[in-house]
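J.: So I've got this file, coords_23.cif, and it contains mmCIF, N, CA and C atoms:
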data_target
#
loop_
_atom_site.label_atom_id
_atom_site.label_comp_id
_atom_site.auth_asym_id
_atom_site.auth_seq_id
_atom_site.Cartn_x
_atom_site.Cartn_y
_atom_site.Cartn_z
N MET A 217 133.31 48.84 78.66
CA MET A 217 133.12 50.27 78.55
C MET A 217 131.64 50.59 78.70
N ILE A 218 131.33 51.51 79.58
CA ILE A 218 129.95 51.92 79.80
C ILE A 218 129.79 53.38 79.39
N LYS A 219 128.66 53.66 78.77
CA LYS A 219 128.29 55.02 78.40
C LYS A 219 126.85 55.24 78.83
N LEU A 220 126.56 56.36 79.48
CA LEU A 220 125.21 56.66 79.93
C LEU A 220 124.56 57.68 79.03
N ILE A 221 123.26 57.51 78.85
CA ILE A 221 122.42 58.52 78.22
C ILE A 221 121.51 59.02 79.33
N VAL A 222 121.73 60.25 79.77
CA VAL A 222 121.03 60.79 80.94
C VAL A 222 120.12 61.94 80.53
N GLY A 223 118.97 62.00 81.18
CA GLY A 223 118.04 63.10 80.96
C GLY A 223 116.73 62.81 81.66
N THR A 224 115.95 63.85 81.85
CA THR A 224 114.66 63.67 82.49
C THR A 224 113.69 62.99 81.54
N LYS A 225 112.57 62.58 82.06
CA LYS A 225 111.57 61.88 81.26
C LYS A 225 111.14 62.77 80.08
N GLY A 226 111.08 62.16 78.90
CA GLY A 226 110.66 62.88 77.71
C GLY A 226 111.76 63.65 77.01
N SER A 227 113.00 63.46 77.42
CA SER A 227 114.11 64.22 76.83
C SER A 227 114.73 63.56 75.61
N GLY A 228 114.22 62.38 75.21
CA GLY A 228 114.70 61.74 73.98
C GLY A 228 115.76 60.69 74.19
N LYS A 229 115.93 60.20 75.41
CA LYS A 229 116.95 59.18 75.68
C LYS A 229 116.70 57.90 74.91
N THR A 230 115.46 57.41 74.97
CA THR A 230 115.15 56.14 74.31
C THR A 230 115.26 56.28 72.80
N LYS A 231 114.86 57.40 72.25
CA LYS A 231 114.97 57.63 70.80
C LYS A 231 116.44 57.60 70.39
N ALA A 232 117.28 58.25 71.18
CA ALA A 232 118.72 58.23 70.89
C ALA A 232 119.26 56.81 70.95
N MET A 233 118.79 56.05 71.95
CA MET A 233 119.24 54.66 72.08
C MET A 233 118.77 53.81 70.90
N VAL A 234 117.53 53.99 70.47
CA VAL A 234 117.00 53.24 69.33
C VAL A 234 117.86 53.50 68.10
N ASP A 235 118.22 54.75 67.87
CA ASP A 235 119.07 55.09 66.74
C ASP A 235 120.43 54.40 66.85
N MET A 236 120.99 54.37 68.05
CA MET A 236 122.28 53.71 68.27
C MET A 236 122.17 52.20 68.02
N ILE A 237 121.08 51.61 68.50
CA ILE A 237 120.87 50.16 68.32
C ILE A 237 120.76 49.83 66.84
N ASN A 238 119.93 50.57 66.13
CA ASN A 238 119.73 50.29 64.71
C ASN A 238 121.02 50.50 63.91
N ASN A 239 121.80 51.48 64.28
CA ASN A 239 123.09 51.69 63.62
C ASN A 239 124.04 50.54 63.94
N ALA A 240 124.04 50.10 65.20
CA ALA A 240 124.93 49.02 65.61
C ALA A 240 124.62 47.72 64.88
N THR A 241 123.35 47.42 64.65
CA THR A 241 123.00 46.17 63.96
C THR A 241 123.51 46.17 62.52
N GLN A 242 123.74 47.34 61.97
CA GLN A 242 124.25 47.42 60.60
C GLN A 242 125.77 47.41 60.53
N THR A 243 126.43 47.77 61.63
CA THR A 243 127.88 47.95 61.57
C THR A 243 128.69 46.96 62.40
N THR A 244 128.11 46.36 63.42
CA THR A 244 128.89 45.49 64.30
C THR A 244 129.13 44.13 63.67
N THR A 245 130.23 43.52 64.07
CA THR A 245 130.53 42.17 63.60
C THR A 245 130.06 41.12 64.61
N GLY A 246 129.57 41.58 65.75
CA GLY A 246 129.09 40.66 66.79
C GLY A 246 127.59 40.78 66.96
N ASN A 247 127.13 40.45 68.17
CA ASN A 247 125.71 40.49 68.48
C ASN A 247 125.36 41.72 69.31
N VAL A 248 124.16 42.23 69.07
CA VAL A 248 123.63 43.38 69.80
C VAL A 248 122.49 42.87 70.67
N VAL A 249 122.56 43.16 71.97
CA VAL A 249 121.53 42.73 72.92
C VAL A 249 120.92 43.96 73.58
N VAL A 250 119.60 43.97 73.68
CA VAL A 250 118.87 45.07 74.30
C VAL A 250 118.07 44.51 75.46
N ILE A 251 118.29 45.06 76.66
CA ILE A 251 117.55 44.64 77.84
C ILE A 251 116.67 45.81 78.26
N GLU A 252 115.38 45.55 78.39
CA GLU A 252 114.47 46.63 78.78
C GLU A 252 113.36 46.10 79.68
N LYS A 253 112.72 47.00 80.37
CA LYS A 253 111.58 46.66 81.21
C LYS A 253 110.34 46.93 80.37
N CYS A 254 109.51 45.93 80.17
CA CYS A 254 108.36 45.96 79.24
C CYS A 254 108.91 45.88 77.82
N MET A 255 108.10 45.50 76.92
CA MET A 255 108.57 45.34 75.53
C MET A 255 108.15 46.53 74.68
N ASN A 256 108.60 47.71 75.06
CA ASN A 256 108.22 48.93 74.34
C ASN A 256 108.98 49.12 73.03
N LEU A 257 110.14 48.53 72.90
CA LEU A 257 110.98 48.77 71.73
C LEU A 257 110.79 47.75 70.61
N THR A 258 109.90 46.81 70.79
CA THR A 258 109.74 45.70 69.85
C THR A 258 109.66 46.15 68.40
N TYR A 259 108.89 47.15 68.12
CA TYR A 259 108.66 47.58 66.73
C TYR A 259 109.57 48.72 66.30
N HIS A 260 110.48 49.13 67.17
CA HIS A 260 111.34 50.26 66.85
C HIS A 260 112.77 49.88 66.52
N ILE A 261 113.18 48.69 66.96
CA ILE A 261 114.57 48.29 66.72
C ILE A 261 114.65 47.21 65.64
N ASP A 262 115.79 47.16 65.02
CA ASP A 262 116.06 46.19 63.95
C ASP A 262 115.92 44.76 64.50
N TYR A 263 115.39 43.89 63.69
CA TYR A 263 115.17 42.50 64.10
C TYR A 263 116.46 41.77 64.43
N LYS A 264 117.60 42.29 63.98
CA LYS A 264 118.89 41.64 64.24
C LYS A 264 119.33 41.79 65.69
N ALA A 265 118.77 42.75 66.40
CA ALA A 265 119.11 42.94 67.81
C ALA A 265 118.28 41.97 68.65
N ARG A 266 118.89 41.38 69.64
CA ARG A 266 118.21 40.46 70.56
C ARG A 266 117.57 41.28 71.66
N LEU A 267 116.25 41.26 71.76
CA LEU A 267 115.50 42.06 72.74
C LEU A 267 115.08 41.16 73.90
N ILE A 268 115.42 41.58 75.12
CA ILE A 268 115.10 40.80 76.32
C ILE A 268 114.27 41.67 77.25
N ASP A 269 113.16 41.13 77.73
CA ASP A 269 112.27 41.82 78.65
C ASP A 269 112.62 41.41 80.09
N MET A 270 113.04 42.37 80.91
CA MET A 270 113.40 42.07 82.29
C MET A 270 112.21 41.56 83.09
N ASP A 271 111.02 42.00 82.75
CA ASP A 271 109.82 41.55 83.47
C ASP A 271 109.60 40.05 83.31
N GLU A 272 109.95 39.54 82.15
CA GLU A 272 109.78 38.11 81.89
C GLU A 272 110.62 37.26 82.84
N TYR A 273 111.73 37.81 83.31
CA TYR A 273 112.63 37.09 84.20
C TYR A 273 112.52 37.56 85.66
N LYS A 274 111.53 38.41 85.93
CA LYS A 274 111.24 38.89 87.30
C LYS A 274 112.45 39.57 87.94
N ILE A 275 113.13 40.39 87.18
CA ILE A 275 114.32 41.08 87.67
C ILE A 275 113.89 42.32 88.46
N SER A 276 114.36 42.42 89.68
CA SER A 276 114.11 43.60 90.50
C SER A 276 115.35 43.87 91.33
N GLY A 277 115.80 45.08 91.31
CA GLY A 277 116.98 45.48 92.07
C GLY A 277 118.25 45.38 91.26
N TYR A 278 119.22 46.15 91.69
CA TYR A 278 120.49 46.21 90.97
C TYR A 278 121.29 44.91 91.05
N ASP A 279 121.20 44.21 92.18
CA ASP A 279 121.94 42.95 92.30
C ASP A 279 121.44 41.91 91.31
N MET A 280 120.11 41.81 91.20
CA MET A 280 119.54 40.85 90.24
C MET A 280 119.89 41.25 88.81
N LEU A 281 119.87 42.54 88.53
CA LEU A 281 120.20 43.01 87.18
C LEU A 281 121.65 42.68 86.85
N TYR A 282 122.55 42.89 87.80
CA TYR A 282 123.96 42.54 87.57
C TYR A 282 124.11 41.05 87.28
N GLY A 283 123.45 40.23 88.07
CA GLY A 283 123.51 38.79 87.85
C GLY A 283 122.96 38.40 86.49
N PHE A 284 121.88 39.05 86.09
CA PHE A 284 121.28 38.76 84.79
C PHE A 284 122.23 39.15 83.66
N ILE A 285 122.81 40.34 83.76
CA ILE A 285 123.76 40.79 82.73
C ILE A 285 124.96 39.84 82.68
N SER A 286 125.43 39.39 83.83
CA SER A 286 126.53 38.44 83.87
C SER A 286 126.18 37.16 83.12
N GLY A 287 124.98 36.68 83.34
CA GLY A 287 124.53 35.46 82.66
C GLY A 287 124.39 35.65 81.17
N VAL A 288 123.87 36.80 80.76
CA VAL A 288 123.73 37.09 79.32
C VAL A 288 125.10 37.12 78.66
N LEU A 289 126.05 37.80 79.28
CA LEU A 289 127.39 37.89 78.70
C LEU A 289 128.12 36.55 78.73
N ALA A 290 127.89 35.77 79.77
CA ALA A 290 128.53 34.46 79.86
C ALA A 290 127.95 33.49 78.83
N GLY A 291 126.67 33.66 78.52
CA GLY A 291 126.01 32.74 77.60
C GLY A 291 126.31 33.01 76.13
N ASN A 292 126.88 34.18 75.82
CA ASN A 292 127.16 34.51 74.43
C ASN A 292 128.40 35.40 74.38
N TYR A 293 129.53 34.83 74.06
CA TYR A 293 130.77 35.59 74.01
C TYR A 293 130.86 36.50 72.77
N ASP A 294 129.90 36.39 71.84
CA ASP A 294 129.92 37.22 70.64
C ASP A 294 129.21 38.56 70.81
N ILE A 295 128.74 38.87 72.01
CA ILE A 295 128.07 40.15 72.24
C ILE A 295 129.11 41.27 72.18
N THR A 296 128.87 42.23 71.31
CA THR A 296 129.76 43.38 71.21
C THR A 296 129.13 44.64 71.77
N GLU A 297 127.78 44.67 71.78
CA GLU A 297 127.08 45.84 72.31
C GLU A 297 125.88 45.39 73.12
N LEU A 298 125.75 45.98 74.32
CA LEU A 298 124.66 45.67 75.23
C LEU A 298 123.99 46.98 75.62
N TYR A 299 122.68 47.05 75.45
CA TYR A 299 121.92 48.25 75.77
C TYR A 299 120.94 47.92 76.90
N VAL A 300 120.87 48.81 77.89
CA VAL A 300 119.93 48.66 78.99
C VAL A 300 119.08 49.92 79.04
N ASP A 301 117.79 49.77 78.80
CA ASP A 301 116.88 50.92 78.78
C ASP A 301 116.11 50.99 80.10
N GLY A 302 116.16 52.13 80.75
CA GLY A 302 115.37 52.35 81.95
C GLY A 302 115.88 51.64 83.18
N ILE A 303 117.16 51.80 83.48
CA ILE A 303 117.76 51.09 84.60
C ILE A 303 117.14 51.48 85.94
N LEU A 304 116.68 52.72 86.08
CA LEU A 304 116.09 53.15 87.34
C LEU A 304 114.74 52.50 87.60
N LYS A 305 114.09 51.99 86.56
CA LYS A 305 112.82 51.28 86.74
C LYS A 305 113.04 49.95 87.46
N VAL A 306 114.25 49.44 87.39
CA VAL A 306 114.58 48.16 88.02
C VAL A 306 115.16 48.38 89.41
N GLY A 307 116.09 49.30 89.55
CA GLY A 307 116.82 49.46 90.80
C GLY A 307 116.38 50.61 91.67
N GLY A 308 115.55 51.48 91.15
CA GLY A 308 115.12 52.63 91.94
C GLY A 308 116.14 53.76 91.90
N ARG A 309 115.89 54.76 92.70
CA ARG A 309 116.72 55.97 92.69
C ARG A 309 117.82 55.97 93.74
N ASP A 310 118.31 54.81 94.09
CA ASP A 310 119.47 54.70 94.96
C ASP A 310 120.70 54.88 94.08
N TYR A 311 121.14 56.12 93.94
CA TYR A 311 122.20 56.43 92.99
C TYR A 311 123.55 55.85 93.40
N GLU A 312 123.78 55.69 94.69
CA GLU A 312 125.03 55.07 95.13
C GLU A 312 125.07 53.60 94.70
N ALA A 313 123.94 52.91 94.87
CA ALA A 313 123.86 51.50 94.42
C ALA A 313 123.99 51.43 92.90
N LEU A 314 123.42 52.40 92.21
CA LEU A 314 123.56 52.46 90.75
C LEU A 314 125.03 52.59 90.36
N GLY A 315 125.75 53.47 91.04
CA GLY A 315 127.17 53.65 90.76
C GLY A 315 127.97 52.37 90.97
N LYS A 316 127.66 51.64 92.05
CA LYS A 316 128.35 50.37 92.31
C LYS A 316 128.03 49.33 91.24
N THR A 317 126.77 49.31 90.82
CA THR A 317 126.37 48.36 89.78
C THR A 317 127.04 48.69 88.46
N LEU A 318 127.08 49.96 88.11
CA LEU A 318 127.74 50.36 86.86
C LEU A 318 129.22 49.99 86.90
N ALA A 319 129.87 50.18 88.04
CA ALA A 319 131.29 49.82 88.16
C ALA A 319 131.49 48.31 87.98
N ALA A 320 130.59 47.53 88.57
CA ALA A 320 130.69 46.07 88.45
C ALA A 320 130.45 45.62 87.00
N VAL A 321 129.46 46.20 86.34
CA VAL A 321 129.18 45.85 84.95
C VAL A 321 130.34 46.30 84.05
N ASP A 322 130.91 47.45 84.35
CA ASP A 322 132.05 47.95 83.57
C ASP A 322 133.22 46.98 83.67
N ALA A 323 133.49 46.49 84.87
CA ALA A 323 134.58 45.52 85.06
C ALA A 323 134.27 44.22 84.33
N LEU A 324 133.03 43.82 84.35
CA LEU A 324 132.60 42.58 83.68
C LEU A 324 132.72 42.69 82.16
N ALA A 325 132.26 43.81 81.62
CA ALA A 325 132.27 44.02 80.17
C ALA A 325 133.67 44.25 79.63
N GLY A 326 134.50 44.90 80.42
CA GLY A 326 135.86 45.19 79.98
C GLY A 326 135.87 46.06 78.73
N GLU A 327 136.84 45.83 77.89
CA GLU A 327 136.98 46.60 76.65
C GLU A 327 136.28 45.93 75.48
N ASN A 328 135.83 44.70 75.67
CA ASN A 328 135.25 43.94 74.56
C ASN A 328 133.79 44.22 74.30
N VAL A 329 133.06 44.68 75.32
CA VAL A 329 131.63 44.91 75.18
C VAL A 329 131.32 46.36 75.49
N LYS A 330 130.62 47.01 74.57
CA LYS A 330 130.18 48.38 74.78
C LYS A 330 128.80 48.32 75.43
N VAL A 331 128.65 48.95 76.59
CA VAL A 331 127.39 48.94 77.34
C VAL A 331 126.83 50.36 77.35
N ILE A 332 125.59 50.51 76.88
CA ILE A 332 124.92 51.80 76.86
C ILE A 332 123.70 51.69 77.76
N VAL A 333 123.54 52.66 78.68
CA VAL A 333 122.46 52.61 79.67
C VAL A 333 121.72 53.95 79.69
N THR A 334 120.38 53.89 79.70
CA THR A 334 119.62 55.13 79.86
C THR A 334 119.28 55.31 81.33
N VAL A 335 119.42 56.55 81.79
CA VAL A 335 119.12 56.91 83.18
C VAL A 335 118.18 58.11 83.15
N SER A 336 116.97 57.92 83.65
CA SER A 336 115.97 58.99 83.67
C SER A 336 116.13 59.84 84.93
N ALA A 337 117.07 60.74 84.87
CA ALA A 337 117.34 61.63 86.00
C ALA A 337 118.04 62.88 85.49
N ASP A 338 117.96 63.92 86.27
CA ASP A 338 118.70 65.14 85.97
C ASP A 338 120.17 64.88 86.29
N GLU A 339 121.03 65.26 85.41
CA GLU A 339 122.46 65.00 85.59
C GLU A 339 122.98 65.57 86.90
N ALA A 340 122.43 66.69 87.35
CA ALA A 340 122.87 67.33 88.59
C ALA A 340 122.58 66.47 89.82
N GLU A 341 121.60 65.57 89.75
CA GLU A 341 121.24 64.70 90.87
C GLU A 341 122.24 63.56 91.07
N LEU A 342 122.98 63.23 90.05
CA LEU A 342 123.80 62.03 90.06
C LEU A 342 125.12 62.24 90.81
N PRO A 343 125.55 61.24 91.58
CA PRO A 343 126.85 61.32 92.26
C PRO A 343 127.99 61.10 91.27
N ASP A 344 129.19 61.39 91.70
CA ASP A 344 130.37 61.23 90.86
C ASP A 344 130.56 59.78 90.40
N SER A 345 130.13 58.82 91.24
CA SER A 345 130.30 57.41 90.88
C SER A 345 129.48 57.04 89.66
N VAL A 346 128.45 57.82 89.36
CA VAL A 346 127.64 57.60 88.17
C VAL A 346 128.08 58.53 87.05
N LYS A 347 128.37 59.78 87.39
CA LYS A 347 128.76 60.78 86.38
C LYS A 347 130.01 60.40 85.60
N LYS A 348 130.87 59.60 86.21
CA LYS A 348 132.11 59.25 85.50
C LYS A 348 131.87 58.44 84.24
N TYR A 349 130.64 57.94 84.07
CA TYR A 349 130.30 57.16 82.86
C TYR A 349 129.60 58.00 81.80
N LEU A 350 129.48 59.30 82.03
CA LEU A 350 128.83 60.18 81.03
C LEU A 350 129.72 60.38 79.82
#
Could you rewrite the structure in this file as structure tokens?

T.:
Amino acid sequence: MIKLIVGTKGSGKTKAMVDMINNATQTTTGNVVVIEKCMNLTYHIDYKARLIDMDEYKISGYDMLYGFISGVLAGNYDITELYVDGILKVGGRDYEALGKTLAAVDALAGENVKVIVTVSADEAELPDSVKKYL
């Protein structure tokens, strides 16, 4: 299951995600994983969440991100919630490619893993392939 947090820069997407992460670490019975570009959330999220920096693994583009997420989920079957902050920083503003990647991650995660993604864009710019995850 994928859920998007959409809004323009400065609209509070990351703050909303931080609140969701911190709540999840207190309530989930599994593991919470946070994937972000740069380590901006280090001091804002609960230590129980596993924080991964995409820059450390040289991830660029949606295909590499999908492969990385696949590896993370394959390496730990106890993940119940996965958060991706700033997906457009990795894949760019190719919204059709974003829609395909979200569909692939949704199929991969299934019903067992809740995936939350922030998208820094105006909702009106997004195609239906992305909007269906709002």

J.: Which residue is closest to Met233 in chain A? Choose from A:Ile275, A:Ala290, A:Ala337, A:Ile221 and count all atoms listed in the file.

T.: A:Ile221

J.: Translate the PyMOL selection byres ((chain A and resi 308-319) around 8) into a concrete residue list for this structure, as a list in words.

T.: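 What the PyMOL selection byres ((chain A and resi 308-319) around 8) grabs from the file is Ile218, Ser276, Gly277, Tyr278, Asp279, Leu281, Tyr282, Gly302, Ile303, Leu304, Lys305, Val306, Gly307, Ala320, Val321, Asp322, Ala323, Leu324, Ala325, Glu341, Leu342, Pro343, Asp344, Ser345, Val346 and Lys347 of chain A.
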
J.: Please give the complete set of residues from chain A that DSSP, run on the backbone, assigns to helix (DSSP H, G or I), formatted as a count of residues only.

T.: 59

J.: Grab the CA of Asp269 in chain A to atom C of Lys253 in chain A distance for me, in Å with one decimal place.

T.: 5.7 Å

J.: Could you tell me how far atom C of Met236 in chain A sits from atom N of Arg266 in chain A, in Å to one decimal place?

T.: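 About the pair atom N of Arg266 in chain A and atom C of Met236 in chain A: they are 11.4 Å apart.
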
J.: How big is the axis-aligned box, and where does its centre sit, when it encloses all atoms of range 316-328 of chain A listed in the file and has 6 Å added on every side, reported in Å to one decimal as AutoDock Vina command-line options?

T.:
--center_x 131.7 --center_y 47.1 --center_z 83.3 --size_x 22.6 --size_y 21.1 --size_z 30.0

J.: If you measure from atom N of Leu220 in chain A to atom N of Ser286 in chain A, what distance in Å do you get, rounded to one decimal?

T.: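 Straight-line distance from atom N of Leu220 in chain A to atom N of Ser286 in chain A works out to 17.6 Å.
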